[in-house]
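data.pdb (PDB, C-alpha atoms, pLDDT in the B column)
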```pdb
ATOM      1  CA  MET A  24     106.332  74.621 111.789  1.00 48.00           C
ATOM      2  CA  MET A  25     106.456  78.371 111.249  1.00 59.00           C
ATOM      3  CA  ASN A  26     103.476  80.564 111.998  1.00 63.00           C
ATOM      4  CA  LYS A  27     101.953  81.901 108.786  1.00 86.00           C
ATOM      5  CA  ARG A  28     100.779  85.144 110.391  1.00 94.00           C
ATOM      6  CA  LYS A  29     103.440  87.824 110.511  1.00 96.00           C
ATOM      7  CA  PRO A  30     104.057  88.945 114.112  1.00 97.00           C
ATOM      8  CA  THR A  31     103.559  92.590 114.980  1.00 98.00           C
ATOM      9  CA  HIS A  32     106.707  94.712 115.018  1.00 98.00           C
ATOM     10  CA  PRO A  33     107.417  95.909 118.582  1.00 98.00           C
ATOM     11  CA  GLY A  34     107.725  99.460 117.245  1.00 98.00           C
ATOM     12  CA  GLU A  35     104.087  99.323 116.203  1.00 98.00           C
ATOM     13  CA  VAL A  36     103.130  98.206 119.705  1.00 98.00           C
ATOM     14  CA  LEU A  37     105.136 101.076 121.173  1.00 98.00           C
ATOM     15  CA  ARG A  38     103.549 103.560 118.773  1.00 98.00           C
ATOM     16  CA  GLU A  39      99.939 102.401 119.083  1.00 98.00           C
ATOM     17  CA  ASP A  40      99.735 101.141 122.668  1.00 98.00           C
ATOM     18  CA  VAL A  41     102.109 103.500 124.462  1.00 98.00           C
ATOM     19  CA  LEU A  42     102.822 106.736 122.627  1.00 98.00           C
ATOM     20  CA  ALA A  43      99.413 107.338 121.032  1.00 98.00           C
ATOM     21  CA  PRO A  44      97.384 107.000 124.268  1.00 98.00           C
ATOM     22  CA  LEU A  45      99.824 109.342 126.018  1.00 97.00           C
ATOM     23  CA  GLY A  46      99.668 111.840 123.167  1.00 98.00           C
ATOM     24  CA  LEU A  47     103.454 111.828 122.837  1.00 98.00           C
ATOM     25  CA  THR A  48     105.108 112.938 119.636  1.00 98.00           C
ATOM     26  CA  VAL A  49     108.049 111.047 118.202  1.00 98.00           C
ATOM     27  CA  THR A  50     110.272 113.989 119.087  1.00 98.00           C
ATOM     28  CA  GLU A  51     109.174 114.082 122.724  1.00 98.00           C
ATOM     29  CA  ALA A  52     109.371 110.302 123.109  1.00 98.00           C
ATOM     30  CA  ALA A  53     112.868 110.280 121.589  1.00 98.00           C
ATOM     31  CA  LYS A  54     113.989 112.919 124.086  1.00 98.00           C
ATOM     32  CA  ARG A  55     112.581 110.909 126.988  1.00 98.00           C
ATOM     33  CA  LEU A  56     114.215 107.709 125.732  1.00 98.00           C
ATOM     34  CA  ARG A  57     117.522 109.532 125.182  1.00 98.00           C
ATOM     35  CA  THR A  58     117.735 108.509 121.553  1.00 98.00           C
ATOM     36  CA  SER A  59     117.552 110.305 118.240  1.00 98.00           C
ATOM     37  CA  ARG A  60     114.257 111.084 116.583  1.00 98.00           C
ATOM     38  CA  LYS A  61     115.529 109.320 113.450  1.00 98.00           C
ATOM     39  CA  THR A  62     116.281 106.104 115.362  1.00 98.00           C
ATOM     40  CA  LEU A  63     112.945 106.075 117.168  1.00 98.00           C
ATOM     41  CA  SER A  64     111.032 106.879 113.985  1.00 98.00           C
ATOM     42  CA  ALA A  65     112.677 103.937 112.200  1.00 98.00           C
ATOM     43  CA  ILE A  66     111.646 101.608 115.045  1.00 98.00           C
ATOM     44  CA  LEU A  67     108.088 102.947 115.233  1.00 98.00           C
ATOM     45  CA  ASN A  68     107.673 102.497 111.478  1.00 98.00           C
ATOM     46  CA  GLY A  69     109.090  98.964 111.445  1.00 98.00           C
ATOM     47  CA  ARG A  70     112.222  99.897 109.511  1.00 98.00           C
ATOM     48  CA  ALA A  71     114.628  99.117 112.370  1.00 98.00           C
ATOM     49  CA  PRO A  72     114.643  96.440 115.066  1.00 98.00           C
ATOM     50  CA  VAL A  73     114.354  96.953 118.789  1.00 98.00           C
ATOM     51  CA  THR A  74     117.893  96.288 120.016  1.00 98.00           C
ATOM     52  CA  PRO A  75     118.756  95.088 123.526  1.00 98.00           C
ATOM     53  CA  ASP A  76     119.850  98.618 124.477  1.00 98.00           C
ATOM     54  CA  MET A  77     116.610 100.116 123.189  1.00 98.00           C
ATOM     55  CA  ALA A  78     114.591  97.366 124.889  1.00 98.00           C
ATOM     56  CA  VAL A  79     116.143  98.364 128.221  1.00 98.00           C
ATOM     57  CA  LYS A  80     115.304 102.037 127.615  1.00 98.00           C
ATOM     58  CA  ILE A  81     111.712 101.284 126.594  1.00 98.00           C
ATOM     59  CA  ALA A  82     111.248  98.955 129.555  1.00 98.00           C
ATOM     60  CA  LEU A  83     112.523 101.523 132.041  1.00 98.00           C
ATOM     61  CA  ALA A  84     110.323 104.237 130.527  1.00 98.00           C
ATOM     62  CA  THR A  85     107.168 102.110 130.403  1.00 97.00           C
ATOM     63  CA  GLY A  86     107.445  99.913 133.494  1.00 98.00           C
ATOM     64  CA  THR A  87     107.692  96.768 131.392  1.00 98.00           C
ATOM     65  CA  THR A  88     110.541  94.306 130.897  1.00 98.00           C
ATOM     66  CA  PRO A  89     113.269  94.370 128.260  1.00 98.00           C
ATOM     67  CA  GLU A  90     112.534  90.691 127.655  1.00 98.00           C
ATOM     68  CA  SER A  91     109.000  91.482 126.507  1.00 98.00           C
ATOM     69  CA  TRP A  92     110.278  93.884 123.832  1.00 98.00           C
ATOM     70  CA  LEU A  93     113.039  91.510 122.739  1.00 98.00           C
ATOM     71  CA  TYR A  94     110.579  88.601 122.628  1.00 98.00           C
ATOM     72  CA  MET A  95     108.390  90.527 120.179  1.00 98.00           C
ATOM     73  CA  GLN A  96     111.446  91.381 118.078  1.00 98.00           C
ATOM     74  CA  SER A  97     112.700  87.792 118.189  1.00 98.00           C
ATOM     75  CA  LYS A  98     109.331  86.416 117.057  1.00 97.00           C
ATOM     76  CA  LEU A  99     109.357  88.808 114.106  1.00 98.00           C
ATOM     77  CA  ASP A 100     112.985  88.003 113.233  1.00 97.00           C
ATOM     78  CA  LEU A 101     112.288  84.257 113.324  1.00 96.00           C
ATOM     79  CA  TRP A 102     109.193  84.714 111.164  1.00 96.00           C
ATOM     80  CA  HIS A 103     111.262  86.582 108.557  1.00 96.00           C
ATOM     81  CA  ALA A 104     113.971  83.884 108.663  1.00 95.00           C
ATOM     82  CA  GLY A 105     111.334  81.190 108.210  1.00 93.00           C
ATOM     83  CA  GLN A 106     110.045  82.867 105.051  1.00 93.00           C
ATOM     84  CA  LYS A 107     113.337  82.247 103.251  1.00 92.00           C
ATOM     85  CA  LYS A 108     113.741  79.115 101.174  1.00 88.00           C
ATOM     86  CA  VAL A 109     116.758  77.409 102.715  1.00 87.00           C
ATOM     87  CA  LYS A 110     118.038  73.915 102.026  1.00 90.00           C
ATOM     88  CA  VAL A 111     120.136  72.169 104.634  1.00 89.00           C
ATOM     89  CA  GLY A 112     121.426  68.701 105.232  1.00 90.00           C
ATOM     90  CA  GLU A 113     120.374  66.658 108.243  1.00 89.00           C
ATOM     91  CA  LEU A 114     122.565  66.441 111.302  1.00 89.00           C
ATOM     92  CA  ARG A 115     122.810  62.827 112.430  1.00 86.00           C
ATOM     93  CA  ALA A 116     124.921  60.950 114.906  1.00 84.00           C
ATOM     94  CA  VAL A 117     127.886  59.213 113.347  1.00 79.00           C
ATOM     95  CA  VAL A 118     127.635  55.463 114.000  1.00 77.00           C
ATOM     96  CA  GLY A 119     130.809  53.895 115.320  1.00 67.00           C
ATOM     97  CA  ALA A 120     132.556  57.133 116.152  1.00 60.00           C
TER      98      ALA A 120
END
```
Is it possible to give me this structure as structure tokens?
Amino acid sequence: MMNKRKPTHPGEVLREDVLAPLGLTVTEAAKRLRTSRKTLSAILNGRAPVTPDMAVKIALATGTTPESWLYMQSKLDLWHAGQKKVKVGELRAVVGA
């Protein structure tokens, strides 16, 4: 059963719980993460996913784990996938095979 509540994008967590309290601009944070301002802005605004490479960078910069950032992204990705109307057949064992 899929959760009806949309999970928070990890970029929003990064923006609100990390960058805002530190008073970091997108430009300064992008420099520190060694990424482009455009890429970081897309993540912070929920327009791009946190990739494994970015998760490693964020984790190193924040003292967290890459798994925590990827877990948030995975939950969001699964929620989006669960919103699609998909029909599939059942997978069953073949008797007598």
For CA of Val111 in chain A and CA of Gln96 in chain A, quote the distance in Å rounded to one decimal.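 Separation between CA of Val111 in chain A and CA of Gln96 in chain A: 25.0 Å.
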Report the distance between CA of Gly105 in chain A and CA of Pro30 in chain A in Å, rounded to one decimal place.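 We find that CA of Gly105 in chain A and CA of Pro30 in chain A lie 12.2 Å from each other.
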Tell me which protein, DNA and RNA residues are within 8 Å of Arg60 in chain A, counting all atoms listed in the file, leaving out same-chain ones fewer than 5 positions away, and put them as number ranges by chain. A: 49-50, 53-54
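CA of Ala43 in chain A sits 23.5 Å away from CA of Lys98 in chain A.
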I would like the residues chosen by the PyMOL selection byres ((chain A and resi 70-76) around 12) on the shown file; could you give them as a PyMOL selection string? chain A and resi 31-37+56-58+61-69+77-83+88-100
If I wrap all listed atoms of range 27-31 of chain A in a box with edges along x, y and z and add 6 Å on each side, what are its centre and edge lengths in Å to one decimal, as JSON?
```
{"center_x": 102.4, "center_y": 87.2, "center_z": 111.9, "size_x": 15.3, "size_y": 22.7, "size_z": 18.2}
```
With distances taken over all atoms listed in the file, which of A:Arg55, A:Lys27, A:Leu114, A:Leu45 is nearest to Ala84 in chain A? A:Arg55
Completion of range 85-104 of chain A up to N, CA, C and O atoms, as an mmCIF file, in the coordinates of the input:
```
data_model
loop_
_atom_site.group_PDB
_atom_site.id
_atom_site.type_symbol
_atom_site.label_atom_id
_atom_site.label_comp_id
_atom_site.auth_asym_id
_atom_site.auth_seq_id
_atom_site.Cartn_x
_atom_site.Cartn_y
_atom_site.Cartn_z
ATOM 1 N N THR A 85 108.569 102.550 130.428
ATOM 2 C CA THR A 85 107.168 102.110 130.403
ATOM 3 C C THR A 85 106.784 101.192 131.559
ATOM 4 O O THR A 85 105.622 100.804 131.673
ATOM 5 N N GLY A 86 107.749 100.817 132.390
ATOM 6 C CA GLY A 86 107.445 99.913 133.494
ATOM 7 C C GLY A 86 107.204 98.485 133.036
ATOM 8 O O GLY A 86 106.477 97.736 133.680
ATOM 9 N N THR A 87 107.808 98.127 131.915
ATOM 10 C CA THR A 87 107.692 96.768 131.392
ATOM 11 C C THR A 87 109.056 96.090 131.531
ATOM 12 O O THR A 87 109.918 96.589 132.247
ATOM 13 N N THR A 88 109.250 94.984 130.841
ATOM 14 C CA THR A 88 110.541 94.306 130.897
ATOM 15 C C THR A 88 111.228 94.370 129.534
ATOM 16 O O THR A 88 110.564 94.355 128.495
ATOM 17 N N PRO A 89 112.559 94.405 129.543
ATOM 18 C CA PRO A 89 113.269 94.370 128.260
ATOM 19 C C PRO A 89 112.979 93.070 127.521
ATOM 20 O O PRO A 89 112.894 93.055 126.290
ATOM 21 N N GLU A 90 112.804 91.991 128.272
ATOM 22 C CA GLU A 90 112.534 90.691 127.655
ATOM 23 C C GLU A 90 111.262 90.710 126.819
ATOM 24 O O GLU A 90 111.204 90.080 125.764
ATOM 25 N N SER A 91 110.252 91.439 127.273
ATOM 26 C CA SER A 91 109.000 91.482 126.507
ATOM 27 C C SER A 91 109.200 92.134 125.148
ATOM 28 O O SER A 91 108.658 91.672 124.139
ATOM 29 N N TRP A 92 110.016 93.196 125.100
ATOM 30 C CA TRP A 92 110.278 93.884 123.832
ATOM 31 C C TRP A 92 111.169 93.041 122.935
ATOM 32 O O TRP A 92 110.956 92.968 121.728
ATOM 33 N N LEU A 93 112.160 92.374 123.529
ATOM 34 C CA LEU A 93 113.039 91.510 122.739
ATOM 35 C C LEU A 93 112.316 90.261 122.264
ATOM 36 O O LEU A 93 112.613 89.740 121.183
ATOM 37 N N TYR A 94 111.363 89.764 123.047
ATOM 38 C CA TYR A 94 110.579 88.601 122.628
ATOM 39 C C TYR A 94 109.781 88.944 121.370
ATOM 40 O O TYR A 94 109.767 88.163 120.415
ATOM 41 N N MET A 95 109.145 90.117 121.369
ATOM 42 C CA MET A 95 108.390 90.527 120.179
ATOM 43 C C MET A 95 109.316 90.635 118.969
ATOM 44 O O MET A 95 108.960 90.186 117.875
ATOM 45 N N GLN A 96 110.497 91.225 119.182
ATOM 46 C CA GLN A 96 111.446 91.381 118.078
ATOM 47 C C GLN A 96 111.938 90.017 117.596
ATOM 48 O O GLN A 96 112.040 89.768 116.398
ATOM 49 N N SER A 97 112.220 89.127 118.532
ATOM 50 C CA SER A 97 112.700 87.792 118.189
ATOM 51 C C SER A 97 111.657 87.012 117.388
ATOM 52 O O SER A 97 111.990 86.337 116.405
ATOM 53 N N LYS A 98 110.400 87.090 117.801
ATOM 54 C CA LYS A 98 109.331 86.416 117.057
ATOM 55 C C LYS A 98 109.267 86.921 115.623
ATOM 56 O O LYS A 98 109.123 86.137 114.683
ATOM 57 N N LEU A 99 109.392 88.221 115.445
ATOM 58 C CA LEU A 99 109.357 88.808 114.106
ATOM 59 C C LEU A 99 110.584 88.384 113.299
ATOM 60 O O LEU A 99 110.459 87.991 112.128
ATOM 61 N N ASP A 100 111.756 88.405 113.925
ATOM 62 C CA ASP A 100 112.985 88.003 113.233
ATOM 63 C C ASP A 100 112.917 86.548 112.796
ATOM 64 O O ASP A 100 113.307 86.200 111.670
ATOM 65 N N LEU A 101 112.418 85.675 113.665
ATOM 66 C CA LEU A 101 112.288 84.257 113.324
ATOM 67 C C LEU A 101 111.271 84.045 112.207
ATOM 68 O O LEU A 101 111.453 83.192 111.333
ATOM 69 N N TRP A 102 110.197 84.817 112.228
ATOM 70 C CA TRP A 102 109.193 84.714 111.164
ATOM 71 C C TRP A 102 109.831 85.072 109.817
ATOM 72 O O TRP A 102 109.652 84.364 108.830
ATOM 73 N N HIS A 103 110.597 86.175 109.798
ATOM 74 C CA HIS A 103 111.262 86.582 108.557
ATOM 75 C C HIS A 103 112.235 85.498 108.090
ATOM 76 O O HIS A 103 112.287 85.171 106.903
ATOM 77 N N ALA A 104 113.014 84.940 109.020
ATOM 78 C CA ALA A 104 113.971 83.884 108.663
ATOM 79 C C ALA A 104 113.250 82.669 108.108
ATOM 80 O O ALA A 104 113.726 82.019 107.168
#
```
